[in-house]
Every structure is written in C-alpha cells, then in structure tokens.
$ cat my_file_5.cif   # mmCIF, C-alpha atoms
data_run
loop_
_atom_site.group_PDB
_atom_site.id
_atom_site.type_symbol
_atom_site.label_atom_id
_atom_site.label_comp_id
_atom_site.auth_asym_id
_atom_site.auth_seq_id
_atom_site.Cartn_x
_atom_site.Cartn_y
_atom_site.Cartn_z
ATOM 1 C CA MET K 75 96.403 59.806 45.287
ATOM 2 C CA GLN K 76 93.215 61.879 45.550
ATOM 3 C CA LEU K 77 91.575 59.198 47.685
ATOM 4 C CA LEU K 78 94.652 58.910 49.925
ATOM 5 C CA ILE K 79 94.694 62.667 50.538
ATOM 6 C CA TYR K 80 90.983 62.573 51.338
ATOM 7 C CA ILE K 81 91.390 59.671 53.775
ATOM 8 C CA ILE K 82 94.215 61.498 55.571
ATOM 9 C CA VAL K 83 92.620 64.956 55.685
ATOM 10 C CA TYR K 84 88.952 64.175 56.297
ATOM 11 C CA PRO K 85 89.307 62.973 59.928
ATOM 12 C CA PHE K 86 91.053 66.234 60.837
ATOM 13 C CA LEU K 87 88.284 68.253 59.202
ATOM 14 C CA TRP K 88 85.671 66.282 61.111
ATOM 15 C CA LEU K 89 87.455 66.790 64.433
ATOM 16 C CA ILE K 90 87.656 70.531 63.781
ATOM 17 C CA SER K 91 83.970 70.620 62.835
ATOM 18 C CA ILE K 92 82.820 69.138 66.170
ATOM 19 C CA LEU K 93 84.720 71.658 68.275
ATOM 20 C CA PRO K 94 82.518 73.966 70.357
ATOM 21 C CA PHE K 95 82.414 77.431 68.813
ATOM 22 C CA LYS K 96 84.622 78.891 71.542
ATOM 23 C CA LEU K 97 87.398 76.440 70.673
ATOM 24 C CA LEU K 98 86.654 76.700 66.962
ATOM 25 C CA TYR K 99 87.356 80.429 66.988
ATOM 26 C CA ALA K 100 90.453 79.937 69.139
ATOM 27 C CA PHE K 101 91.669 77.628 66.377
ATOM 28 C CA SER K 102 90.749 80.332 63.834
ATOM 29 C CA ASP K 103 92.920 82.813 65.747
ATOM 30 C CA LEU K 104 95.819 80.357 65.597
ATOM 31 C CA ILE K 105 95.388 79.926 61.840
ATOM 32 C CA CYS K 106 95.269 83.697 61.463
ATOM 33 C CA PHE K 107 98.546 84.126 63.323
ATOM 34 C CA PHE K 108 100.371 81.842 60.918
ATOM 35 C CA LEU K 109 98.503 82.891 57.766
ATOM 36 C CA TYR K 110 98.889 86.620 58.344
ATOM 37 C CA ARG K 111 101.774 87.190 60.741
ATOM 38 C CA VAL K 112 104.106 84.312 59.836
ATOM 39 C CA PHE K 113 103.481 83.517 56.154
ATOM 40 C CA GLY K 114 101.846 86.783 55.059
ATOM 41 C CA TYR K 115 99.432 84.950 52.732
ATOM 42 C CA ARG K 116 98.671 87.370 49.861
ATOM 43 C CA LYS K 117 99.364 90.275 52.195
ATOM 44 C CA LYS K 118 100.887 92.298 49.353
ATOM 45 C CA THR K 119 97.757 91.772 47.229
ATOM 46 C CA VAL K 120 95.478 92.787 50.108
ATOM 47 C CA GLN K 121 97.368 96.013 50.757
ATOM 48 C CA GLN K 122 97.676 96.851 47.056
ATOM 49 C CA ASN K 123 93.903 96.442 46.656
ATOM 50 C CA LEU K 124 93.170 98.588 49.690
ATOM 51 C CA LYS K 125 95.532 101.350 48.531
ATOM 52 C CA LEU K 126 93.956 101.261 45.098
ATOM 53 C CA VAL K 127 90.392 101.475 46.358
ATOM 54 C CA PHE K 128 91.069 103.825 49.305
ATOM 55 C CA PRO K 129 93.939 106.058 48.095
ATOM 56 C CA ASP K 130 93.465 108.552 50.938
ATOM 57 C CA MET K 131 93.454 105.976 53.746
ATOM 58 C CA ASP K 132 96.256 106.398 56.283
ATOM 59 C CA GLU K 133 98.584 103.547 57.213
ATOM 60 C CA ALA K 134 97.111 102.986 60.680
ATOM 61 C CA GLU K 135 93.599 102.521 59.310
ATOM 62 C CA MET K 136 94.845 100.265 56.530
ATOM 63 C CA ASN K 137 96.643 98.053 59.049
ATOM 64 C CA ARG K 138 93.510 97.897 61.193
ATOM 65 C CA ILE K 139 91.355 96.810 58.243
ATOM 66 C CA THR K 140 93.974 94.311 57.073
ATOM 67 C CA ASN K 141 94.187 92.725 60.506
ATOM 68 C CA ARG K 142 90.406 92.455 60.849
ATOM 69 C CA PHE K 143 90.120 91.096 57.308
ATOM 70 C CA TYR K 144 92.490 88.201 58.003
ATOM 71 C CA HIS K 145 90.658 87.316 61.224
ATOM 72 C CA HIS K 146 87.376 87.273 59.322
ATOM 73 C CA LEU K 147 88.879 85.215 56.483
ATOM 74 C CA CYS K 148 90.034 82.561 58.949
ATOM 75 C CA ASP K 149 86.649 82.587 60.671
ATOM 76 C CA MET K 150 85.009 81.814 57.332
ATOM 77 C CA MET K 151 87.426 78.929 56.796
ATOM 78 C CA VAL K 152 86.543 77.261 60.085
ATOM 79 C CA GLU K 153 82.835 78.030 59.631
ATOM 80 C CA ALA K 154 82.956 76.217 56.296
ATOM 81 C CA ILE K 155 84.462 73.198 58.071
ATOM 82 C CA LYS K 156 81.815 73.506 60.798
ATOM 83 C CA SER K 157 79.208 72.893 58.087
ATOM 84 C CA LEU K 158 80.144 69.201 58.286
ATOM 85 C CA SER K 159 78.456 68.766 61.648
ATOM 86 C CA ILE K 160 76.498 71.884 62.596
ATOM 87 C CA SER K 161 72.824 71.245 63.289
ATOM 88 C CA GLU K 162 70.055 72.905 61.338
ATOM 89 C CA ALA K 163 68.786 74.628 64.488
ATOM 90 C CA GLU K 164 72.177 76.127 65.306
ATOM 91 C CA MET K 165 72.761 77.295 61.756
ATOM 92 C CA LYS K 166 69.355 78.989 61.735
ATOM 93 C CA GLU K 167 70.279 80.757 64.952
ATOM 94 C CA ARG K 168 73.579 81.985 63.533
ATOM 95 C CA PHE K 169 72.552 82.799 59.942
ATOM 96 C CA THR K 170 69.236 84.628 59.910
ATOM 97 C CA PHE K 171 67.107 86.254 57.219
ATOM 98 C CA LYS K 172 65.647 89.695 57.872
ATOM 99 C CA ASN K 173 63.000 89.626 55.121
ATOM 100 C CA ILE K 174 62.612 86.031 53.920
ATOM 101 C CA GLU K 175 59.056 86.917 52.873
ATOM 102 C CA LEU K 176 60.476 88.651 49.767
ATOM 103 C CA ILE K 177 61.715 85.293 48.459
ATOM 104 C CA GLN K 178 58.527 83.537 49.528
ATOM 105 C CA GLU K 179 56.356 86.106 47.729
ATOM 106 C CA LEU K 180 58.262 85.611 44.473
ATOM 107 C CA GLU K 181 57.915 81.870 44.931
ATOM 108 C CA ALA K 182 54.138 82.265 45.420
ATOM 109 C CA LYS K 183 54.074 84.079 42.051
ATOM 110 C CA GLU K 184 55.804 80.987 40.583
ATOM 111 C CA ARG K 185 58.939 82.932 39.817
ATOM 112 C CA SER K 186 62.323 81.256 39.727
ATOM 113 C CA ILE K 187 65.076 83.454 41.127
ATOM 114 C CA VAL K 188 68.642 84.430 40.316
ATOM 115 C CA LEU K 189 70.201 85.266 43.672
ATOM 116 C CA MET K 190 73.232 87.532 43.302
ATOM 117 C CA CYS K 191 75.820 88.143 45.990
ATOM 118 C CA ALA K 192 79.413 89.281 46.439
ATOM 119 C CA HIS K 193 82.413 87.818 48.213
ATOM 120 C CA TYR K 194 81.409 89.812 51.234
ATOM 121 C CA GLY K 195 80.486 88.981 54.825
ATOM 122 C CA SER K 196 79.796 85.272 54.617
ATOM 123 C CA TRP K 197 78.255 83.105 51.955
ATOM 124 C CA GLU K 198 79.112 79.702 53.463
ATOM 125 C CA TRP K 199 75.828 79.185 55.308
ATOM 126 C CA ILE K 200 73.414 80.731 52.805
ATOM 127 C CA PHE K 201 72.208 77.275 51.794
ATOM 128 C CA ILE K 202 70.114 77.154 54.998
ATOM 129 C CA LEU K 203 67.751 79.359 52.969
ATOM 130 C CA GLN K 204 66.345 76.166 51.473
ATOM 131 C CA THR K 205 64.642 75.281 54.760
ATOM 132 C CA TYR K 206 62.408 78.362 54.341
ATOM 133 C CA VAL K 207 61.350 77.874 50.706
ATOM 134 C CA LYS K 208 59.978 75.110 48.503
ATOM 135 C CA SER K 209 62.003 75.872 45.370
ATOM 136 C CA ARG K 210 65.011 73.780 44.483
ATOM 137 C CA GLY K 211 68.278 75.522 45.342
ATOM 138 C CA ASN K 212 71.218 75.654 42.917
ATOM 139 C CA ALA K 213 74.620 77.211 43.525
ATOM 140 C CA ILE K 214 76.988 77.904 40.653
ATOM 141 C CA TYR K 215 80.517 76.909 41.636
ATOM 142 C CA LYS K 216 83.954 75.896 40.427
ATOM 143 C CA ARG K 217 84.488 72.159 40.699
ATOM 144 C CA ILE K 218 87.048 71.057 43.311
ATOM 145 C CA GLU K 219 89.949 69.221 41.679
ATOM 146 C CA ASN K 220 89.866 66.390 44.229
ATOM 147 C CA LYS K 221 86.685 64.512 43.309
ATOM 148 C CA TYR K 222 86.247 63.139 46.843
ATOM 149 C CA PHE K 223 86.248 66.576 48.457
ATOM 150 C CA ASP K 224 84.027 67.793 45.636
ATOM 151 C CA ARG K 225 81.559 65.036 46.490
ATOM 152 C CA LEU K 226 81.805 65.927 50.181
ATOM 153 C CA VAL K 227 80.927 69.582 49.584
ATOM 154 C CA LYS K 228 78.010 68.593 47.347
ATOM 155 C CA GLY K 229 76.748 66.263 50.070
ATOM 156 C CA ILE K 230 76.837 69.009 52.705
ATOM 157 C CA ARG K 231 74.802 71.345 50.498
ATOM 158 C CA ALA K 232 72.387 68.583 49.481
ATOM 159 C CA LYS K 233 71.253 68.171 53.106
ATOM 160 C CA TYR K 234 69.154 71.281 52.595
ATOM 161 C CA ASN K 235 68.098 70.681 48.979
ATOM 162 C CA THR K 236 70.892 72.781 47.485
ATOM 163 C CA HIS K 237 72.634 71.426 44.396
ATOM 164 C CA LEU K 238 76.032 72.568 43.145
ATOM 165 C CA ILE K 239 76.257 73.189 39.397
ATOM 166 C CA THR K 240 79.420 74.017 37.489
ATOM 167 C CA THR K 241 79.473 76.940 35.072
ATOM 168 C CA LYS K 242 79.423 74.631 32.047
ATOM 169 C CA GLU K 243 76.415 72.756 33.425
ATOM 170 C CA THR K 244 74.409 75.854 34.307
ATOM 171 C CA ILE K 245 72.514 76.618 31.093
ATOM 172 C CA PRO K 246 71.519 73.051 30.124
ATOM 173 C CA GLU K 247 70.589 72.143 33.707
ATOM 174 C CA LEU K 248 68.466 75.239 34.328
ATOM 175 C CA LEU K 249 66.820 74.875 30.918
ATOM 176 C CA ARG K 250 65.914 71.299 31.806
ATOM 177 C CA LEU K 251 64.445 72.320 35.155
ATOM 178 C CA LYS K 252 62.470 75.166 33.569
ATOM 179 C CA ASN K 253 61.037 72.834 30.932
ATOM 180 C CA GLU K 254 60.010 70.437 33.699
ATOM 181 C CA GLY K 255 58.259 73.255 35.538
ATOM 182 C CA VAL K 256 60.611 73.184 38.541
ATOM 183 C CA LEU K 257 60.945 76.457 40.465
ATOM 184 C CA THR K 258 64.537 77.236 41.400
ATOM 185 C CA VAL K 259 66.590 79.651 43.494
ATOM 186 C CA ASN K 260 70.012 79.998 41.848
ATOM 187 C CA GLY K 261 72.974 81.509 43.658
ATOM 188 C CA PHE K 262 75.688 83.437 41.793
ATOM 189 C CA VAL K 263 78.749 85.096 43.329
ATOM 190 C CA SER K 264 79.111 87.784 40.695
ATOM 191 C CA ASP K 265 81.684 90.347 41.818
ATOM 192 C CA GLN K 266 84.961 88.739 40.741
ATOM 193 C CA THR K 267 86.838 89.499 37.544
ATOM 194 C CA PRO K 268 86.189 87.580 34.307
ATOM 195 C CA LYS K 269 88.769 86.946 31.630
ATOM 196 C CA PRO K 270 88.875 90.345 29.904
ATOM 197 C CA TRP K 271 88.832 88.944 26.376
ATOM 198 C CA LYS K 272 85.563 87.192 27.218
ATOM 199 C CA ALA K 273 83.956 90.146 29.020
ATOM 200 C CA HIS K 274 80.863 91.688 27.430
ATOM 201 C CA HIS K 275 80.747 94.665 29.764
ATOM 202 C CA TRP K 276 83.248 97.015 31.411
ATOM 203 C CA THR K 277 82.205 99.457 34.103
ATOM 204 C CA GLU K 278 83.485 101.253 37.191
ATOM 205 C CA PHE K 279 83.693 99.222 40.374
ATOM 206 C CA MET K 280 84.953 101.162 43.401
ATOM 207 C CA ASN K 281 85.763 104.017 40.961
ATOM 208 C CA ILE K 282 88.026 101.796 38.845
ATOM 209 C CA ARG K 283 87.082 100.660 35.340
ATOM 210 C CA VAL K 284 87.183 96.864 35.070
ATOM 211 C CA PRO K 285 85.548 93.981 33.175
ATOM 212 C CA VAL K 286 82.599 92.455 35.049
ATOM 213 C CA HIS K 287 80.633 89.225 35.003
ATOM 214 C CA THR K 288 77.230 89.524 33.329
ATOM 215 C CA GLY K 289 76.275 85.844 33.229
ATOM 216 C CA ALA K 290 73.730 86.033 36.051
ATOM 217 C CA GLU K 291 71.844 88.884 34.373
ATOM 218 C CA MET K 292 71.939 87.306 30.922
ATOM 219 C CA LEU K 293 70.724 83.959 32.271
ATOM 220 C CA ALA K 294 67.910 85.663 34.185
ATOM 221 C CA LYS K 295 66.758 87.331 30.973
ATOM 222 C CA ARG K 296 67.042 84.177 28.896
ATOM 223 C CA LEU K 297 65.044 82.076 31.384
ATOM 224 C CA ASP K 298 62.815 84.901 32.660
ATOM 225 C CA MET K 299 63.909 84.653 36.287
ATOM 226 C CA SER K 300 63.550 87.398 38.880
ATOM 227 C CA VAL K 301 66.852 88.848 40.134
ATOM 228 C CA VAL K 302 67.442 89.386 43.853
ATOM 229 C CA PHE K 303 70.499 90.715 45.665
ATOM 230 C CA PHE K 304 71.338 89.396 49.090
ATOM 231 C CA ARG K 305 73.341 91.478 51.531
ATOM 232 C CA VAL K 306 75.089 89.735 54.427
ATOM 233 C CA LYS K 307 75.826 91.713 57.582
ATOM 234 C CA ARG K 308 78.147 90.391 60.292
ATOM 235 C CA LEU K 309 76.375 90.993 63.597
ATOM 236 C CA LYS K 310 79.143 89.567 65.778
ATOM 237 C CA ARG K 311 81.581 86.690 65.561
ATOM 238 C CA GLY K 312 79.769 83.675 64.135
ATOM 239 C CA TYR K 313 76.440 85.479 63.609
ATOM 240 C CA TYR K 314 75.164 86.916 60.338
ATOM 241 C CA GLU K 315 71.991 88.553 59.057
ATOM 242 C CA THR K 316 70.902 88.494 55.423
ATOM 243 C CA THR K 317 68.661 91.075 53.773
ATOM 244 C CA PHE K 318 67.146 90.554 50.314
ATOM 245 C CA GLU K 319 66.519 93.277 47.740
ATOM 246 C CA THR K 320 64.763 92.800 44.418
ATOM 247 C CA LEU K 321 66.827 94.068 41.505
ATOM 248 C CA ALA K 322 64.365 93.036 38.799
ATOM 249 C CA GLU K 323 61.185 91.013 39.079
ATOM 250 C CA ASN K 324 60.915 91.014 35.283
ATOM 251 C CA PRO K 325 64.508 91.336 34.026
ATOM 252 C CA ASN K 326 63.620 91.750 30.364
ATOM 253 C CA ASP K 327 62.131 95.146 31.226
ATOM 254 C CA PHE K 328 65.698 96.398 31.845
ATOM 255 C CA LYS K 329 68.402 97.428 29.392
ATOM 256 C CA ASP K 330 71.386 95.102 29.074
ATOM 257 C CA TYR K 331 73.867 95.414 31.960
ATOM 258 C CA GLU K 332 71.581 97.741 33.939
ATOM 259 C CA ILE K 333 70.921 95.004 36.511
ATOM 260 C CA THR K 334 74.613 94.141 36.760
ATOM 261 C CA ASP K 335 75.536 97.793 37.339
ATOM 262 C CA GLN K 336 72.850 98.087 40.008
ATOM 263 C CA PHE K 337 74.221 94.986 41.727
ATOM 264 C CA LEU K 338 77.761 96.393 41.779
ATOM 265 C CA LYS K 339 76.563 99.660 43.324
ATOM 266 C CA LEU K 340 75.047 97.697 46.192
ATOM 267 C CA VAL K 341 78.281 95.764 46.641
ATOM 268 C CA GLU K 342 80.211 99.042 46.750
ATOM 269 C CA LYS K 343 77.911 100.305 49.488
ATOM 270 C CA GLN K 344 78.685 97.223 51.593
ATOM 271 C CA ILE K 345 82.409 97.661 51.134
ATOM 272 C CA TYR K 346 82.382 101.342 52.072
ATOM 273 C CA GLU K 347 80.374 100.564 55.217
ATOM 274 C CA ALA K 348 82.738 97.847 56.494
ATOM 275 C CA PRO K 349 85.657 97.095 54.143
ATOM 276 C CA GLU K 350 87.197 94.425 56.393
ATOM 277 C CA TYR K 351 84.556 91.884 55.333
ATOM 278 C CA TYR K 352 85.334 91.957 51.597
ATOM 279 C CA LEU K 353 87.571 89.312 50.015
ATOM 280 C CA TRP K 354 90.690 91.427 49.415
ATOM 281 C CA THR K 355 92.975 88.467 48.634
ATOM 282 C CA HIS K 356 91.629 88.240 45.071
ATOM 283 C CA LYS K 357 93.167 90.351 42.322
ATOM 284 C CA ARG K 358 89.848 91.955 41.434
ATOM 285 C CA TRP K 359 91.385 94.999 39.739
ATOM 286 C CA LYS K 360 94.245 93.337 37.868
ATOM 287 C CA HIS K 361 92.877 94.460 34.475
ATOM 288 C CA LYS K 362 92.341 98.083 35.546
ATOM 289 C CA ASP K 363 94.873 99.470 33.064
ATOM 290 C CA LYS K 364 93.282 97.716 30.102
ATOM 291 C CA SER K 365 90.255 98.474 27.958
ATOM 292 C CA PRO K 366 87.937 96.385 25.745
ATOM 293 C CA GLU K 367 89.847 97.589 22.679
ATOM 294 C CA ASP K 368 92.998 95.844 23.959
ATOM 295 C CA TYR K 369 91.322 92.461 23.393
ATOM 296 C CA GLN K 370 89.724 93.043 20.038
#
$ encode --input "my_file_5.cif" --output "structure tokens"
Amino acid sequence: MQLLIYIIVYPFLWLISILPFKLLYAFSDLICFFLYRVFGYRKKTVQQNLKLVFPDMDEAEMNRITNRFYHHLCDMMVEAIKSLSISEAEMKERFTFKNIELIQELEAKERSIVLMCAHYGSWEWIFILQTYVKSRGNAIYKRIENKYFDRLVKGIRAKYNTHLITTKETIPELLRLKNEGVLTVNGFVSDQTPKPWKAHHWTEFMNIRVPVHTGAEMLAKRLDMSVVFFRVKRLKRGYYETTFETLAENPNDFKDYEITDQFLKLVEKQIYEAPEYYLWTHKRWKHKDKSPEDYQ
C-alpha cells in the first residue's frame, strides 16, 4: 500500500515542483483558501496560542496575523515540494547567509557544530548550507511513516551532503563520526514541547512556564560541539536570509540549561518581531498548567 500511494502521489509532487515560482505561489494561495477559509485547519489551535501569548492583542490584529500565518504556512509547503527540482543556483539566490564566515571559522578550528533553530521563518532550504562548508551535515528528524517518501526526502537532502538522522540514531551515529574524526554540522529544531514526564528542564517561553527540549545542549556538551543559533528572516515571498549567532563555542563552560534558555530568548525575540512566521498550529503550550512535580 505504501508503494502504491507513493506511485500515485509522486508524479503530482514532481509536476508541482517544476512550476515557475509565480504559478507555484498561485497554487499556494489556492491551498491556503481551502486550508484556512474552507476547512479551518487547526484554526482554533492557532487562535488559542495567539491569545495565550498575546493576551492584549485586539481581534483585528489577531485576524491579520492568522491570515498571514496561513499564507506563509502554505508557502513553506510548496517550497518543500519545490526542493525536488530547484537548482542549486536558484536556491542560493533565494536562501542566503548573512555571516557564513562564523560557521567557516568554527570549522577552521576543527569544531563540530550543533545548529539550533526554531519552527520560524523557513527551515526547508537550510541544507544548502552544505555547499559553503566542508563538514558533513546532519539533520535530526522524525522518520516519515511511508518508507518511500522517507527515502525521497533523504535523497533530496543528500544532494548537498546532508544526512537525516532519527532521534534514536543520533547519539550512536554522532559518536561514531566523532571517533572517526569527521567534522559535522548538526541541525536541531529545538522549540517544540517534549513529553513532560521526560523533560529535564522547565522554563518560561513567551512568559508561560513549559517543559523544553534540552537534547541539543546535552549532546553538545557530551561530544564537545560548539552551539550556534540560526535566525531566518523572510525578506519577501520566496526569499530568506539566515544569520548565525554563537551561543557557546565551548559548551561545557556553561551551567546546565543556560544555553537552552539563551536559545529560547532568541526565539522569543523573533516571534515578537514578526509573529506571523512562527508555527502556531502546534500545541506548544499544552502543558502550561502542569509542573514537574505532577510527573514525579
């Protein structure tokens, strides 16, 4: 059944991917109309999250942000599909790096890197980073249930020397690469909520106390990797600029969870500047009324 679904769906994905960008974004607008206006996909969750985070926001502003968020969400969907056929030159034109030398300098010091980001702006085209560095790229991800689509996504990333690693594979694979002397750049999307009974750290995110992921920080300390935050700014439709910021060149010099807290503060700053580009469809604050003691 998985193969049949892949055989049926893949040609449509390919046809979408070869559309010129003008038509691609027209298709995105069509998707947005049905997703937001007709079906109201997770609209209640989006508005609940916005009300929670911005309690003083008026209804008109909330509707404006919600509308822009859904348009951006659909743009990211079609941009992900565009990855099937987009050329390296065009991706470099549309996804640029403001200070790539920061990564290159760490690489020259023979430092492997934990690259932390949020579900903000766009993270679909970050793998083009590998064309600017020599280190092997790894992205930590959740395996796609359909093994054929999972293989497809891995193949797209592999074009630029980026390898997808599941959470369970992360520690043994990165230990192996470290022991072999391989420098790596390892991407973690670290802003979503963990299972609260497994959380080691609770802190305030957007002024709300929640459990947070600490795996990226703990792995950086265990393997002595520098920690870098990357901020994605949407310049205009289909164009993004990434800026890097070192959180810790030597992570073991920092107290536990200090790096994670610093990362979340930078994510908050992004959200306050332009909230429409955050992923509001996820129930990030669903454990807000709990505490660590509830799971002991």
$ resolve_selection --input "my_file_5.cif" --expression "the PyMOL selection byres ((chain K and resi 265-267) around 7)" --output "tab-separated table (two decimals) with C-alpha atoms, in the frame of the given file"
chain	number	residue	atom	x	y	z
K	192	ALA	CA	79.41	89.28	46.44
K	193	HIS	CA	82.41	87.82	48.21
K	263	VAL	CA	78.75	85.10	43.33
K	264	SER	CA	79.11	87.78	40.70
K	268	PRO	CA	86.19	87.58	34.31
K	269	LYS	CA	88.77	86.95	31.63
K	285	PRO	CA	85.55	93.98	33.17
K	286	VAL	CA	82.60	92.46	35.05
K	287	HIS	CA	80.63	89.22	35.00
K	358	ARG	CA	89.85	91.96	41.43
$ residues_around --input "my_file_5.cif" --residues "K:Ile187" --least-positions-apart "3" --cutoff "7 Å" --atoms "all atoms listed in the file" --output "list in words"
Thr258, Val259, Asn260, Met299, Ser300, Val301 and Val302 of chain K
$ closest_residue --input "my_file_5.cif" --among "K:Lys172, K:Glu278, K:Asp298, K:Ala290" --to "K:Asn326" --atoms "only C-alpha atoms"
K:Asp298
$ closest_residue --input "my_file_5.cif" --among "K:Thr170, K:Thr205, K:Asn220, K:Gln122" --to "K:Val306" --atoms "all atoms listed in the file"
K:Thr170
$ closest_residue --input "my_file_5.cif" --among "K:Phe304, K:Phe337, K:Tyr346, K:Tyr110" --to "K:Arg142" --atoms "only C-alpha atoms"
K:Tyr110
$ resolve_selection --input "my_file_5.cif" --expression "the PyMOL selection byres ((chain K and resi 366) around 12)" --output "number ranges by chain"
K: 269-277, 283-286, 361-365, 367-370
$ closest_residue --input "my_file_5.cif" --among "K:Lys221, K:Thr288, K:Met190, K:Ile333" --to "K:Arg305" --atoms "all atoms listed in the file"
K:Met190
$ residues_around --input "my_file_5.cif" --residues "K:Val207" --least-positions-apart "4" --cutoff "9 Å" --atoms "all atoms listed in the file" --output "NGL selection string"
:K and (174 or 177-178 or 181 or 203)
$ resolve_selection --input "my_file_5.cif" --expression "the PyMOL selection byres ((chain K and resi 93-98) around 12)" --output "VMD selection string"
chain K and resid 86 to 92 99 to 105 148 to 160 164 to 165 168 311 to 313
$ closest_residue --input "my_file_5.cif" --among "K:Tyr206, K:Gly114, K:Phe223, K:Gly289" --to "K:Lys242" --atoms "all atoms listed in the file"
K:Gly289
$ build_atoms --input "my_file_5.cif" --residues "stretch 215-239 of chain K" --atoms "N, CA and C atoms" --output "PDB file, in the frame of the given file"
ATOM      1  N   TYR K 215      79.223  76.987  40.969  1.00  0.00           N
ATOM      2  CA  TYR K 215      80.517  76.909  41.636  1.00  0.00           C
ATOM      3  C   TYR K 215      81.580  76.364  40.703  1.00  0.00           C
ATOM      4  N   LYS K 216      82.832  76.469  41.146  1.00  0.00           N
ATOM      5  CA  LYS K 216      83.954  75.896  40.427  1.00  0.00           C
ATOM      6  C   LYS K 216      84.271  74.543  41.037  1.00  0.00           C
ATOM      7  N   ARG K 217      84.281  73.518  40.216  1.00  0.00           N
ATOM      8  CA  ARG K 217      84.488  72.159  40.699  1.00  0.00           C
ATOM      9  C   ARG K 217      85.836  72.021  41.414  1.00  0.00           C
ATOM     10  N   ILE K 218      85.826  71.328  42.567  1.00  0.00           N
ATOM     11  CA  ILE K 218      87.048  71.057  43.311  1.00  0.00           C
ATOM     12  C   ILE K 218      87.824  69.953  42.593  1.00  0.00           C
ATOM     13  N   GLU K 219      89.135  70.155  42.449  1.00  0.00           N
ATOM     14  CA  GLU K 219      89.949  69.221  41.679  1.00  0.00           C
ATOM     15  C   GLU K 219      89.903  67.808  42.257  1.00  0.00           C
ATOM     16  N   ASN K 220      89.955  67.704  43.593  1.00  0.00           N
ATOM     17  CA  ASN K 220      89.866  66.390  44.229  1.00  0.00           C
ATOM     18  C   ASN K 220      88.400  65.958  44.235  1.00  0.00           C
ATOM     19  N   LYS K 221      88.083  64.906  43.493  1.00  0.00           N
ATOM     20  CA  LYS K 221      86.685  64.512  43.309  1.00  0.00           C
ATOM     21  C   LYS K 221      86.029  64.051  44.602  1.00  0.00           C
ATOM     22  N   TYR K 222      86.816  63.598  45.571  1.00  0.00           N
ATOM     23  CA  TYR K 222      86.247  63.139  46.843  1.00  0.00           C
ATOM     24  C   TYR K 222      85.828  64.322  47.713  1.00  0.00           C
ATOM     25  N   PHE K 223      86.641  65.371  47.733  1.00  0.00           N
ATOM     26  CA  PHE K 223      86.248  66.576  48.457  1.00  0.00           C
ATOM     27  C   PHE K 223      85.103  67.290  47.731  1.00  0.00           C
ATOM     28  N   ASP K 224      85.116  67.218  46.415  1.00  0.00           N
ATOM     29  CA  ASP K 224      84.027  67.793  45.636  1.00  0.00           C
ATOM     30  C   ASP K 224      82.713  67.112  46.001  1.00  0.00           C
ATOM     31  N   ARG K 225      82.742  65.806  46.114  1.00  0.00           N
ATOM     32  CA  ARG K 225      81.559  65.036  46.490  1.00  0.00           C
ATOM     33  C   ARG K 225      81.129  65.367  47.922  1.00  0.00           C
ATOM     34  N   LEU K 226      82.103  65.583  48.790  1.00  0.00           N
ATOM     35  CA  LEU K 226      81.805  65.927  50.181  1.00  0.00           C
ATOM     36  C   LEU K 226      81.056  67.251  50.264  1.00  0.00           C
ATOM     37  N   VAL K 227      81.562  68.264  49.558  1.00  0.00           N
ATOM     38  CA  VAL K 227      80.927  69.582  49.584  1.00  0.00           C
ATOM     39  C   VAL K 227      79.520  69.510  49.005  1.00  0.00           C
ATOM     40  N   LYS K 228      79.340  68.762  47.928  1.00  0.00           N
ATOM     41  CA  LYS K 228      78.010  68.593  47.347  1.00  0.00           C
ATOM     42  C   LYS K 228      77.060  67.935  48.345  1.00  0.00           C
ATOM     43  N   GLY K 229      77.570  66.963  49.092  1.00  0.00           N
ATOM     44  CA  GLY K 229      76.748  66.263  50.070  1.00  0.00           C
ATOM     45  C   GLY K 229      76.292  67.177  51.196  1.00  0.00           C
ATOM     46  N   ILE K 230      77.191  68.054  51.644  1.00  0.00           N
ATOM     47  CA  ILE K 230      76.837  69.009  52.705  1.00  0.00           C
ATOM     48  C   ILE K 230      75.712  69.917  52.238  1.00  0.00           C
ATOM     49  N   ARG K 231      75.835  70.449  51.025  1.00  0.00           N
ATOM     50  CA  ARG K 231      74.802  71.345  50.498  1.00  0.00           C
ATOM     51  C   ARG K 231      73.490  70.596  50.252  1.00  0.00           C
ATOM     52  N   ALA K 232      73.585  69.357  49.821  1.00  0.00           N
ATOM     53  CA  ALA K 232      72.387  68.583  49.481  1.00  0.00           C
ATOM     54  C   ALA K 232      71.508  68.302  50.692  1.00  0.00           C
ATOM     55  N   LYS K 233      72.060  68.404  51.894  1.00  0.00           N
ATOM     56  CA  LYS K 233      71.253  68.171  53.106  1.00  0.00           C
ATOM     57  C   LYS K 233      70.062  69.109  53.149  1.00  0.00           C
ATOM     58  N   TYR K 234      70.214  70.280  52.553  1.00  0.00           N
ATOM     59  CA  TYR K 234      69.154  71.281  52.595  1.00  0.00           C
ATOM     60  C   TYR K 234      68.594  71.569  51.201  1.00  0.00           C
ATOM     61  N   ASN K 235      68.674  70.579  50.321  1.00  0.00           N
ATOM     62  CA  ASN K 235      68.098  70.681  48.979  1.00  0.00           C
ATOM     63  C   ASN K 235      68.790  71.730  48.117  1.00  0.00           C
ATOM     64  N   THR K 236      70.098  71.898  48.342  1.00  0.00           N
ATOM     65  CA  THR K 236      70.892  72.781  47.485  1.00  0.00           C
ATOM     66  C   THR K 236      71.819  71.924  46.624  1.00  0.00           C
ATOM     67  N   HIS K 237      71.844  72.212  45.342  1.00  0.00           N
ATOM     68  CA  HIS K 237      72.634  71.426  44.396  1.00  0.00           C
ATOM     69  C   HIS K 237      73.713  72.314  43.787  1.00  0.00           C
ATOM     70  N   LEU K 238      74.934  71.822  43.748  1.00  0.00           N
ATOM     71  CA  LEU K 238      76.032  72.568  43.145  1.00  0.00           C
ATOM     72  C   LEU K 238      76.110  72.260  41.653  1.00  0.00           C
ATOM     73  N   ILE K 239      76.213  73.324  40.850  1.00  0.00           N
ATOM     74  CA  ILE K 239      76.257  73.189  39.397  1.00  0.00           C
ATOM     75  C   ILE K 239      77.474  73.953  38.880  1.00  0.00           C
TER      76      ILE K 239
END
